[in-house]
>>> print(open('input32.cif').read())   # mmCIF, C-alpha atoms and all ligand atoms
data_start
loop_
_atom_site.label_atom_id
_atom_site.label_comp_id
_atom_site.auth_asym_id
_atom_site.auth_seq_id
_atom_site.Cartn_x
_atom_site.Cartn_y
_atom_site.Cartn_z
CA MET A 1 8.06 -16.82 32.87
CA THR A 2 5.41 -16.66 30.19
CA ASN A 3 5.05 -19.17 27.43
CA GLU A 4 3.83 -17.77 24.17
CA ARG A 5 2.42 -19.41 21.12
CA ALA A 6 1.17 -17.37 18.17
CA GLY A 7 -2.41 -17.90 17.08
CA GLY A 8 -4.11 -17.87 13.69
CA VAL A 9 -3.14 -19.54 10.45
CA ALA A 10 -0.89 -16.81 9.13
CA GLY A 11 0.84 -16.28 12.44
CA ALA A 12 1.34 -19.92 13.30
CA THR A 13 4.64 -20.61 15.00
CA SER A 14 4.87 -24.05 16.50
CA ARG A 15 7.82 -23.24 18.73
CA GLU A 16 7.15 -21.97 22.19
CA PHE A 17 9.17 -19.12 23.59
CA ALA A 18 9.56 -17.94 27.13
CA SER A 19 10.86 -14.75 28.67
CA GLY A 20 14.48 -15.12 29.78
CA GLN A 21 15.17 -17.56 26.96
CA LYS A 22 18.17 -16.90 24.70
CA ILE A 23 17.48 -17.44 21.02
CA PHE A 24 19.63 -17.57 17.90
CA GLY A 25 22.62 -17.44 20.24
CA ARG A 26 22.24 -13.72 20.64
CA TYR A 27 18.87 -12.38 21.82
CA THR A 28 17.41 -12.73 25.31
CA LEU A 29 13.62 -12.53 25.22
CA VAL A 30 12.18 -10.02 27.68
CA LYS A 31 8.42 -9.84 27.11
CA VAL A 32 5.71 -9.91 24.46
CA ILE A 33 4.93 -6.40 23.31
CA GLY A 34 2.33 -7.03 20.68
CA ARG A 35 0.45 -9.33 18.40
CA GLY A 36 -0.35 -8.46 14.84
CA GLY A 37 -1.51 -10.03 11.63
CA MET A 38 1.73 -12.00 11.25
CA GLY A 39 2.34 -13.20 14.77
CA ILE A 40 4.05 -12.13 17.94
CA VAL A 41 6.39 -9.21 18.57
CA TRP A 42 8.83 -9.59 21.50
CA LEU A 43 10.98 -7.08 23.28
CA ALA A 44 14.44 -8.67 23.48
CA ARG A 45 17.97 -7.77 24.48
CA ASP A 46 20.56 -8.03 21.74
CA GLU A 47 23.45 -9.29 23.88
CA GLU A 48 26.04 -8.71 21.17
CA LEU A 49 25.31 -5.05 20.60
CA GLU A 50 23.91 -4.50 24.09
CA ARG A 51 20.71 -2.88 23.01
CA ASP A 52 16.98 -3.52 23.18
CA VAL A 53 15.32 -4.68 19.99
CA ALA A 54 11.85 -5.67 18.85
CA LEU A 55 11.71 -9.15 17.32
CA LYS A 56 8.88 -9.79 14.93
CA PHE A 57 8.42 -13.53 14.54
CA LEU A 58 7.52 -14.87 11.15
CA PRO A 59 5.07 -17.66 10.52
CA ASP A 60 6.79 -21.06 10.27
CA LEU A 61 5.37 -21.45 6.78
CA MET A 62 7.64 -18.65 5.60
CA ILE A 63 10.78 -20.17 7.00
CA GLN A 64 10.04 -23.54 5.46
CA ASP A 65 9.26 -22.35 1.93
CA HIS A 66 12.58 -21.65 0.17
CA ALA A 67 11.25 -19.25 -2.45
CA VAL A 68 9.34 -17.21 0.12
CA PHE A 69 12.26 -17.26 2.51
CA ASP A 70 14.70 -15.99 -0.12
CA GLN A 71 12.36 -13.23 -1.23
CA LEU A 72 11.79 -12.12 2.33
CA LYS A 73 15.50 -12.06 2.99
CA ARG A 74 16.08 -9.92 -0.11
CA GLU A 75 13.31 -7.48 0.80
CA THR A 76 14.53 -7.18 4.37
CA LYS A 77 18.02 -6.41 3.07
CA ARG A 78 16.65 -3.55 0.99
CA CYS A 79 14.96 -2.12 4.07
CA LEU A 80 18.29 -1.88 5.84
CA GLU A 81 18.93 1.09 3.58
CA LEU A 82 16.05 3.02 5.09
CA THR A 83 17.60 5.46 7.50
CA HIS A 84 15.29 8.22 8.58
CA PRO A 85 14.49 9.67 12.03
CA HIS A 86 10.81 8.83 11.56
CA ILE A 87 11.16 5.28 10.25
CA VAL A 88 11.69 2.31 12.58
CA ARG A 89 15.11 0.88 11.75
CA ILE A 90 15.28 -2.70 10.54
CA HIS A 91 18.44 -4.35 11.91
CA ASP A 92 18.49 -7.90 10.68
CA PHE A 93 16.71 -10.99 9.51
CA VAL A 94 17.62 -13.76 11.94
CA HIS A 95 16.67 -17.41 11.75
CA ASP A 96 17.60 -21.02 12.23
CA GLU A 97 16.10 -24.01 10.46
CA ARG A 98 12.94 -23.88 12.56
CA SER A 99 11.99 -20.27 13.04
CA GLY A 100 12.89 -16.75 12.13
CA CYS A 101 12.24 -13.15 12.96
CA ILE A 102 13.00 -9.63 11.90
CA SER A 103 15.01 -7.68 14.41
CA MET A 104 14.24 -3.98 14.51
CA GLU A 105 14.57 -0.82 16.55
CA TYR A 106 12.50 -1.05 19.72
CA ILE A 107 10.14 1.87 20.16
CA ASP A 108 9.24 2.60 23.75
CA GLY A 109 5.87 4.14 23.09
CA GLU A 110 2.40 3.58 21.73
CA THR A 111 0.76 3.17 18.35
CA LEU A 112 -1.40 6.01 17.08
CA SER A 113 -4.35 3.62 16.96
CA ASN A 114 -4.02 3.02 20.70
CA LEU A 115 -3.44 6.69 21.46
CA ARG A 116 -6.58 7.58 19.51
CA ALA A 117 -8.59 4.92 21.32
CA GLU A 118 -7.50 6.42 24.65
CA LYS A 119 -8.90 9.85 23.76
CA GLU A 120 -12.15 10.78 25.43
CA ARG A 121 -13.99 11.20 22.14
CA LYS A 122 -11.84 8.60 20.37
CA VAL A 123 -10.57 11.22 17.93
CA PHE A 124 -7.67 13.61 17.58
CA GLU A 125 -8.13 17.22 16.57
CA PRO A 126 -6.13 18.36 13.52
CA ASP A 127 -3.79 20.53 15.64
CA GLU A 128 -2.90 17.56 17.78
CA ILE A 129 -1.69 15.49 14.85
CA ALA A 130 -0.17 18.26 12.71
CA THR A 131 3.38 17.59 13.91
CA TRP A 132 3.00 13.86 13.46
CA THR A 133 1.49 14.13 9.97
CA SER A 134 4.32 16.41 8.97
CA GLN A 135 6.89 13.86 10.24
CA LEU A 136 4.94 11.08 8.53
CA CYS A 137 4.93 12.89 5.19
CA ASP A 138 8.67 13.66 5.54
CA ALA A 139 9.45 9.99 6.11
CA LEU A 140 7.19 8.81 3.30
CA ASP A 141 8.67 11.28 0.88
CA TYR A 142 12.18 10.12 1.79
CA ALA A 143 11.27 6.46 1.36
CA HIS A 144 9.47 6.97 -1.93
CA ASN A 145 11.91 9.34 -3.57
CA HIS A 146 15.31 8.48 -2.14
CA ALA A 147 15.14 4.88 -1.03
CA LYS A 148 12.47 3.91 -3.60
CA ILE A 149 10.65 1.75 -1.10
CA ILE A 150 6.88 1.61 -0.68
CA HIS A 151 5.21 0.78 2.60
CA CYS A 152 2.02 -0.92 1.33
CA ASP A 153 0.41 -1.25 4.75
CA LEU A 154 0.27 2.24 6.16
CA LYS A 155 -2.27 2.49 9.00
CA PRO A 156 -2.53 3.95 12.51
CA ALA A 157 -1.34 0.62 13.99
CA ASN A 158 1.92 0.99 12.04
CA LEU A 159 2.58 4.47 13.38
CA MET A 160 4.21 4.65 16.77
CA VAL A 161 4.97 7.62 19.02
CA ASN A 162 8.00 7.34 21.30
CA GLN A 163 8.60 8.91 24.70
CA GLN A 164 9.99 12.03 23.04
CA GLY A 165 6.74 12.53 21.15
CA GLU A 166 8.26 11.59 17.82
CA LEU A 167 6.40 9.60 15.22
CA LYS A 168 8.01 6.42 13.85
CA ILE A 169 6.62 4.43 10.93
CA SER A 170 6.94 0.68 11.52
CA ASP A 171 7.00 -2.26 9.11
CA PHE A 172 8.33 -0.12 6.29
CA GLY A 173 9.04 -2.26 3.24
CA ILE A 174 8.52 -5.54 5.04
CA ALA A 175 4.74 -5.27 5.10
CA ARG A 176 4.45 -6.00 1.43
CA SER A 177 6.66 -9.04 1.31
CA LEU A 178 5.16 -10.42 4.51
CA GLY A 179 1.62 -9.83 3.32
CA ASP A 180 2.28 -11.20 -0.14
CA SER A 181 3.93 -14.32 1.19
CA VAL A 182 1.23 -15.06 3.69
CA SER A 183 -1.55 -14.56 1.19
CA ARG A 184 0.27 -16.81 -1.28
CA LEU A 185 1.00 -19.48 1.27
CA THR A 186 -2.46 -19.49 2.75
CA ALA A 187 -4.16 -19.09 -0.65
CA GLU A 188 -5.98 -15.95 0.42
CA GLN A 189 -6.82 -13.30 -2.14
CA GLY A 190 -3.63 -12.07 -3.77
CA ARG A 191 -3.41 -8.77 -1.97
CA SER A 192 -1.37 -7.47 0.89
CA GLY A 193 -2.18 -4.64 3.27
CA THR A 194 -5.10 -4.00 5.58
CA LEU A 195 -8.43 -3.76 3.83
CA VAL A 196 -9.93 -0.55 5.16
CA TYR A 197 -6.82 1.54 4.35
CA MET A 198 -6.30 0.01 0.90
CA SER A 199 -6.63 1.91 -2.34
CA PRO A 200 -8.93 0.54 -5.07
CA GLN A 201 -5.82 -0.48 -7.07
CA GLN A 202 -4.24 -2.37 -4.19
CA LEU A 203 -7.57 -4.01 -3.49
CA ASN A 204 -7.67 -5.23 -7.07
CA GLY A 205 -4.30 -6.90 -6.62
CA GLU A 206 -2.33 -4.43 -8.77
CA ARG A 207 1.33 -3.97 -7.99
CA CYS A 208 1.75 -1.54 -5.13
CA THR A 209 2.99 1.97 -5.98
CA HIS A 210 3.73 5.03 -3.87
CA LEU A 211 0.27 6.34 -4.78
CA ASP A 212 -1.25 3.46 -2.83
CA ASP A 213 0.67 4.75 0.20
CA ILE A 214 -0.79 8.21 -0.50
CA TYR A 215 -4.29 6.72 -0.42
CA SER A 216 -3.55 4.92 2.86
CA LEU A 217 -2.12 8.15 4.27
CA GLY A 218 -5.49 9.79 3.54
CA ALA A 219 -7.42 6.87 5.07
CA THR A 220 -5.16 6.99 8.14
CA ILE A 221 -5.66 10.72 8.74
CA TYR A 222 -9.40 10.23 8.13
CA GLU A 223 -9.53 7.65 10.91
CA LEU A 224 -7.42 9.66 13.34
CA LEU A 225 -9.79 12.61 12.97
CA THR A 226 -13.13 10.77 12.84
CA SER A 227 -12.52 7.46 14.72
CA LYS A 228 -13.41 5.38 11.66
CA PRO A 229 -11.72 4.70 8.34
CA PRO A 230 -13.50 6.09 5.24
CA PHE A 231 -15.49 2.84 4.78
CA TYR A 232 -16.01 0.51 7.68
CA SER A 233 -19.25 -1.44 7.40
CA GLY A 234 -21.19 -3.35 4.77
CA ASN A 235 -19.46 -4.26 1.53
CA ILE A 236 -16.18 -2.44 2.11
CA ASP A 237 -14.44 -3.68 -1.06
CA ARG A 238 -17.20 -2.32 -3.21
CA GLN A 239 -17.37 1.02 -1.40
CA ILE A 240 -13.62 1.53 -1.69
CA CYS A 241 -13.90 1.13 -5.45
CA GLU A 242 -17.19 2.93 -6.06
CA ARG A 243 -18.24 5.30 -3.28
CA VAL A 244 -16.92 8.69 -2.28
CA ALA A 245 -16.42 8.81 1.49
CA PRO A 246 -18.41 11.43 3.44
CA SER A 247 -16.40 14.49 4.38
CA MET A 248 -14.75 14.19 7.80
CA THR A 249 -17.12 16.86 9.11
CA GLU A 250 -20.11 14.83 7.90
CA ARG A 251 -18.71 11.67 9.48
CA ARG A 252 -18.12 13.45 12.79
CA LYS A 253 -21.71 14.72 12.70
CA GLU A 254 -22.98 11.20 12.00
CA LEU A 255 -21.04 9.96 15.03
CA ASP A 256 -22.01 12.91 17.30
CA ILE A 257 -18.40 14.03 17.66
CA GLU A 258 -17.98 17.64 18.73
CA PRO A 259 -16.71 19.92 17.41
CA ALA A 260 -17.79 18.42 14.10
CA LEU A 261 -16.06 20.93 11.89
CA VAL A 262 -12.75 19.86 10.35
CA PRO A 263 -10.82 22.70 8.66
CA GLN A 264 -11.32 22.83 4.90
CA VAL A 265 -7.59 22.47 4.21
CA TRP A 266 -7.60 19.09 5.98
CA GLU A 267 -10.82 18.03 4.25
CA ASP A 268 -9.42 18.88 0.83
CA ALA A 269 -6.04 17.25 1.37
CA VAL A 270 -7.56 14.02 2.71
CA ALA A 271 -10.25 13.88 0.00
CA ALA A 272 -7.52 14.32 -2.62
CA CYS A 273 -5.52 11.41 -1.17
CA LEU A 274 -8.66 9.26 -1.28
CA ALA A 275 -9.33 9.92 -4.99
CA LYS A 276 -10.23 6.64 -6.73
CA GLY A 277 -7.91 7.28 -9.66
CA SER A 278 -4.28 7.36 -8.56
CA SER A 279 -3.42 10.13 -11.03
CA ARG A 280 -5.89 12.43 -9.27
CA ARG A 281 -4.18 12.01 -5.88
CA PRO A 282 -1.39 14.30 -4.67
CA GLN A 283 1.61 12.82 -6.47
CA SER A 284 3.93 12.92 -3.49
CA ALA A 285 3.80 12.93 0.30
CA ALA A 286 5.62 16.27 0.20
CA GLU A 287 2.64 17.71 -1.66
CA VAL A 288 0.29 16.45 1.06
CA ALA A 289 2.53 18.05 3.70
CA GLN A 290 2.54 21.32 1.83
CA ARG A 291 -1.24 21.35 1.59
CA LEU A 292 -1.61 20.65 5.31
CA GLU A 293 0.97 23.27 6.23
CA SER A 294 -1.27 25.94 4.81
CA ALA A 295 -3.86 25.12 7.52
CA PRO A 296 -4.08 27.75 10.25
CA CYS A 297 -2.67 26.41 13.50
CA ARG A 298 -4.74 26.65 16.64
CA MET A 299 -2.76 25.52 19.65
CA HIS A 300 -5.19 25.12 22.51
CA ARG A 301 -4.96 23.81 26.05
CA GLY A 302 -6.05 20.28 25.19
CA ASN A 303 -3.33 20.12 22.61
CA LEU A 304 -0.71 21.34 25.03
CA ARG A 305 -1.76 18.69 27.48
CA SER A 306 -1.60 15.88 24.97
CA CYS A 307 1.70 17.14 23.56
CA ALA A 308 3.13 17.37 27.05
CA ARG A 309 2.10 13.82 27.76
CA TRP A 310 4.23 12.53 24.94
CA GLY A 311 7.16 14.72 25.70
CA VAL A 312 6.69 17.09 22.79
CA LEU A 313 6.50 20.07 25.06
CA ARG A 314 9.70 19.00 26.78
CA SER A 315 11.48 18.69 23.45
CA VAL A 316 10.14 21.96 22.18
CA LYS A 317 11.24 23.79 25.30
CA ALA A 318 14.64 22.19 25.22
CA ALA A 319 15.01 23.30 21.63
CA GLY A 320 14.49 26.88 22.75
CA GLN A 321 10.98 27.33 21.40
CA THR A 322 8.82 28.76 24.14
CA ASP A 323 5.97 30.51 22.37
CA ILE A 324 3.86 27.59 21.38
CA THR A 325 0.61 29.04 22.60
CA GLY A 326 0.79 32.05 20.36
CA GLY A 327 -0.84 30.20 17.47
CA GLY A 328 2.14 30.97 15.27
CA ASP A 329 3.73 28.64 12.83
CA SER A 330 3.63 25.07 14.13
CA ARG A 331 6.03 24.04 11.37
CA LYS A 332 8.80 25.99 13.06
CA ILE A 333 8.27 23.81 16.09
CA ASP A 334 8.26 20.70 13.93
CA ARG A 335 11.56 21.44 12.28
CA ARG A 336 13.36 22.05 15.55
CA HIS A 337 11.68 19.04 17.02
CA THR A 338 12.55 16.85 14.07
CA LEU A 339 16.15 17.93 14.05
CA ARG A 340 16.60 17.23 17.71
CA LYS A 341 18.19 13.90 18.57
CA PRO A 342 16.18 11.60 20.86
CA GLU A 343 17.43 11.62 24.43
N1 LIG B 1 9.47 -1.82 16.62
C1 LIG B 1 8.55 -1.94 17.58
N2 LIG B 1 8.77 -1.45 18.81
C2 LIG B 1 7.85 -1.58 19.79
N3 LIG B 1 6.65 -2.18 19.63
C3 LIG B 1 6.36 -2.68 18.42
C4 LIG B 1 7.27 -2.60 17.33
N4 LIG B 1 6.71 -3.19 16.25
C5 LIG B 1 5.49 -3.62 16.65
N5 LIG B 1 5.28 -3.32 17.95
C6 LIG B 1 4.07 -3.64 18.75
O1 LIG B 1 3.56 -4.88 18.33
C7 LIG B 1 2.21 -4.73 17.89
C8 LIG B 1 1.97 -5.69 16.73
O2 LIG B 1 2.78 -5.31 15.66
P1 LIG B 1 2.61 -5.94 14.22
O3 LIG B 1 2.80 -7.41 14.28
O4 LIG B 1 3.46 -5.18 13.28
O5 LIG B 1 1.07 -5.65 13.95
P2 LIG B 1 0.31 -5.20 12.62
O6 LIG B 1 0.10 -6.45 11.84
O7 LIG B 1 -0.97 -4.58 13.13
O8 LIG B 1 1.18 -4.21 11.91
C9 LIG B 1 2.07 -3.27 17.51
O9 LIG B 1 0.75 -2.84 17.63
C10 LIG B 1 2.99 -2.60 18.53
O10 LIG B 1 2.29 -2.40 19.74
MG MG B 2 2.99 -3.46 12.33
#
>>> encode(input="input32.cif", output="structure tokens")
Amino acid sequence: MTNERAGGVAGATSREFASGQKIFGRYTLVKVIGRGGMGIVWLARDEELERDVALKFLPDLMIQDHAVFDQLKRETKRCLELTHPHIVRIHDFVHDERSGCISMEYIDGETLSNLRAEKERKVFEPDEIATWTSQLCDALDYAHNHAKIIHCDLKPANLMVNQQGELKISDFGIARSLGDSVSRLTAEQGRSGTLVYMSPQQLNGERCTHLDDIYSLGATIYELLTSKPPFYSGNIDRQICERVAPSMTERRKELDIEPALVPQVWEDAVAACLAKGSSRRPQSAAEVAQRLESAPCRMHRGNLRSCARWGVLRSVKAAGQTDITGGGDSRKIDRRHTLRKPE
């Protein structure tokens, strides 16, 4: 049995939880699976529906403040409409008078930030993330255009890869309301999101739009390919607003990462996402996907190994696609892979 108490001001929950404990009359806590800006995430068993779920506990402050609580409940309700194979499903907002959490689909996998950190050179090569970026853009485009929901805190730590090798975006739609509430309640600067992936507009506290997600998409890809976000030391706020980030090739050279060269198509697409003015960014995630799809695909051994590790190879084979070393069209693989139901 482990007792857990969340740390930090924003994530403060006074109640202690233990594995094996049944909460809200329905969920049996299994184990802690993560700690983030807001608090603790538990793996739990939903005894009613007989399925595993991830429970993201909210700071007590949020449960006690009626206005914040109501807003959060409303926002969570909207997120229930998000149904996409590459977006983590939100199931419910559960609470009693003392504490509350968001119940969501449990992803048995790893975040892209952890997967990157496990790489020998701490970076992915473009080919290795091409399938995931395509799935990411698909999901973003769906959320922006069909569900009309903005993420507002897109970053490698909010991208998970499951055992089938599929990418899942987490915290969709709830990041903004959680971030806003915490910053209001703790009187921090009035901005939500994670600084290094934030657009200049979001940084300045403007209302979040889908073009802020496009910026964060660029910053996320930049980090996956170079090990660092576009700006990471010194006065980051100022650089985000005023400086143009070095190309990814330049950054890889600075950090002695070999091979340094990042294909021009990737450089151009990412630089466009990082444009300071939102009107100069690609205007949709579909446009980013299209630009990246025009990059030549080089499937090499390293890629096959890393794909195999996350089950991609298994899925691809099962879908009847065998020629993945031929350097053909990786998008064909993606489509089959995307259409295939998780095992
Ligand atoms: N739906 C989920 N399924 C499995 N693990 C999750 C899920 N959501 C979050 N996690 C784990 O919990 C950690 C903390 O998540 P979170 O509180 O959302 O952090 P952050 O503030 O960085 O977004 C994540 O890094 C991940 O490992
Ligand atoms: Mg998260």
>>> closest_residue(input="input32.cif", among="A:Lys155, A:Arg291, A:Arg238, A:Arg26", to="A:Glu50", atoms="only C-alpha atoms")
A:Arg26
>>> residues_around(input="input32.cif", residues="stretch 64-81 of chain A", least_positions_apart="4", cutoff="8 Å", atoms="only C-alpha atoms", output="list in words")
Asp60, Arg89, Ile90, His91, Asp92, Phe93, Glu97, Arg98, Ala147, Ile149, Phe172, Gly173, Ile174, Ser177, Leu178 and Ser181 of chain A
>>> residues_near_ligand(input="input32.cif", ligand="ligand LIG 1 (chain B)", cutoff="9 Å", atoms="all atoms listed in the file", output="PyMOL selection string")
chain A and resi 32-43+53-57+88-90+103-111+113-114+153-160+168-171+175+194
>>> closest_residue(input="input32.cif", among="A:Lys276, A:His144, A:Arg251, A:His151", to="ligand MG 2 (chain B)", atoms="only C-alpha atoms and all ligand atoms")
A:His151
>>> atom_distance(input="input32.cif", atom1="atom CA of A:Trp132", atom2="atom CA of A:Leu203")
26.8 Å
>>> atom_distance(input="input32.cif", atom1="atom CA of A:Asp46", atom2="atom CA of A:His86")
22.0 Å
>>> closest_residue(input="input32.cif", among="A:Ala139, A:Leu292, A:Cys152, A:Ala260", to="A:Glu206", atoms="only C-alpha atoms")
A:Cys152
>>> atom_distance(input="input32.cif", atom1="atom CA of A:Glu293", atom2="atom CA of A:Leu261")
18.1 Å
>>> closest_residue(input="input32.cif", among="A:Asn145, A:Ile102, A:Thr133, A:Glu287", to="ligand MG 2 (chain B)", atoms="all atoms listed in the file")
A:Ile102
>>> closest_residue(input="input32.cif", among="A:Gln21, A:Leu112, A:Ser284, A:Met62", to="ligand MG 2 (chain B)", atoms="all atoms listed in the file")
A:Leu112
>>> residues_around(input="input32.cif", residues="A:Arg116", least_positions_apart="2", cutoff="10 Å", atoms="only C-alpha atoms", output="NGL selection string")
:A and (111-114 or 118-124 or 156 or 223-227)
>>> closest_residue(input="input32.cif", among="A:Cys241, A:Ile87, A:Val94, A:Val161", to="A:Leu115", atoms="all atoms listed in the file")
A:Val161
>>> residues_around(input="input32.cif", residues="A:Ile240", least_positions_apart="3", cutoff="9 Å", atoms="all atoms listed in the file", output="list in words")
Val196, Met198, Ser199, Pro200, Leu203, Pro230, Phe231, Asn235, Ile236, Asp237, Arg243, Val244, Ala245 and Lys276 of chain A
>>> write_last_selection(input="input32.cif", atoms="C-alpha atoms", output="PDB file, in the coordinates of the input")
ATOM      1  CA  VAL A 196      -9.930  -0.550   5.160  1.00  0.00           C
ATOM      2  CA  MET A 198      -6.300   0.010   0.900  1.00  0.00           C
ATOM      3  CA  SER A 199      -6.630   1.910  -2.340  1.00  0.00           C
ATOM      4  CA  PRO A 200      -8.930   0.540  -5.070  1.00  0.00           C
ATOM      5  CA  LEU A 203      -7.570  -4.010  -3.490  1.00  0.00           C
ATOM      6  CA  PRO A 230     -13.500   6.090   5.240  1.00  0.00           C
ATOM      7  CA  PHE A 231     -15.490   2.840   4.780  1.00  0.00           C
ATOM      8  CA  ASN A 235     -19.460  -4.260   1.530  1.00  0.00           C
ATOM      9  CA  ILE A 236     -16.180  -2.440   2.110  1.00  0.00           C
ATOM     10  CA  ASP A 237     -14.440  -3.680  -1.060  1.00  0.00           C
ATOM     11  CA  ARG A 243     -18.240   5.300  -3.280  1.00  0.00           C
ATOM     12  CA  VAL A 244     -16.920   8.690  -2.280  1.00  0.00           C
ATOM     13  CA  ALA A 245     -16.420   8.810   1.490  1.00  0.00           C
ATOM     14  CA  LYS A 276     -10.230   6.640  -6.730  1.00  0.00           C
TER      15      LYS A 276
END
>>> residues_around(input="input32.cif", residues="A:Ala219", least_positions_apart="5", cutoff="7 Å", atoms="all atoms listed in the file", output="list in words")
Tyr197, Pro229, Pro230 and Leu274 of chain A
>>> residues_around(input="input32.cif", residues="A:Ala271", least_positions_apart="6", cutoff="12 Å", atoms="only C-alpha atoms", output="number ranges by chain")
A: 214-222, 230, 244-249, 264-265, 277, 280-282, 288, 291
>>> axis_aligned_box(input="input32.cif", around="stretch 66-78 of chain A", padding_each_side="8 Å", output="lines of an AutoDock Vina configuration file")
center_x = 13.7
center_y = -12.6
center_z = 1.0
size_x = 24.7
size_y = 34.1
size_z = 22.8
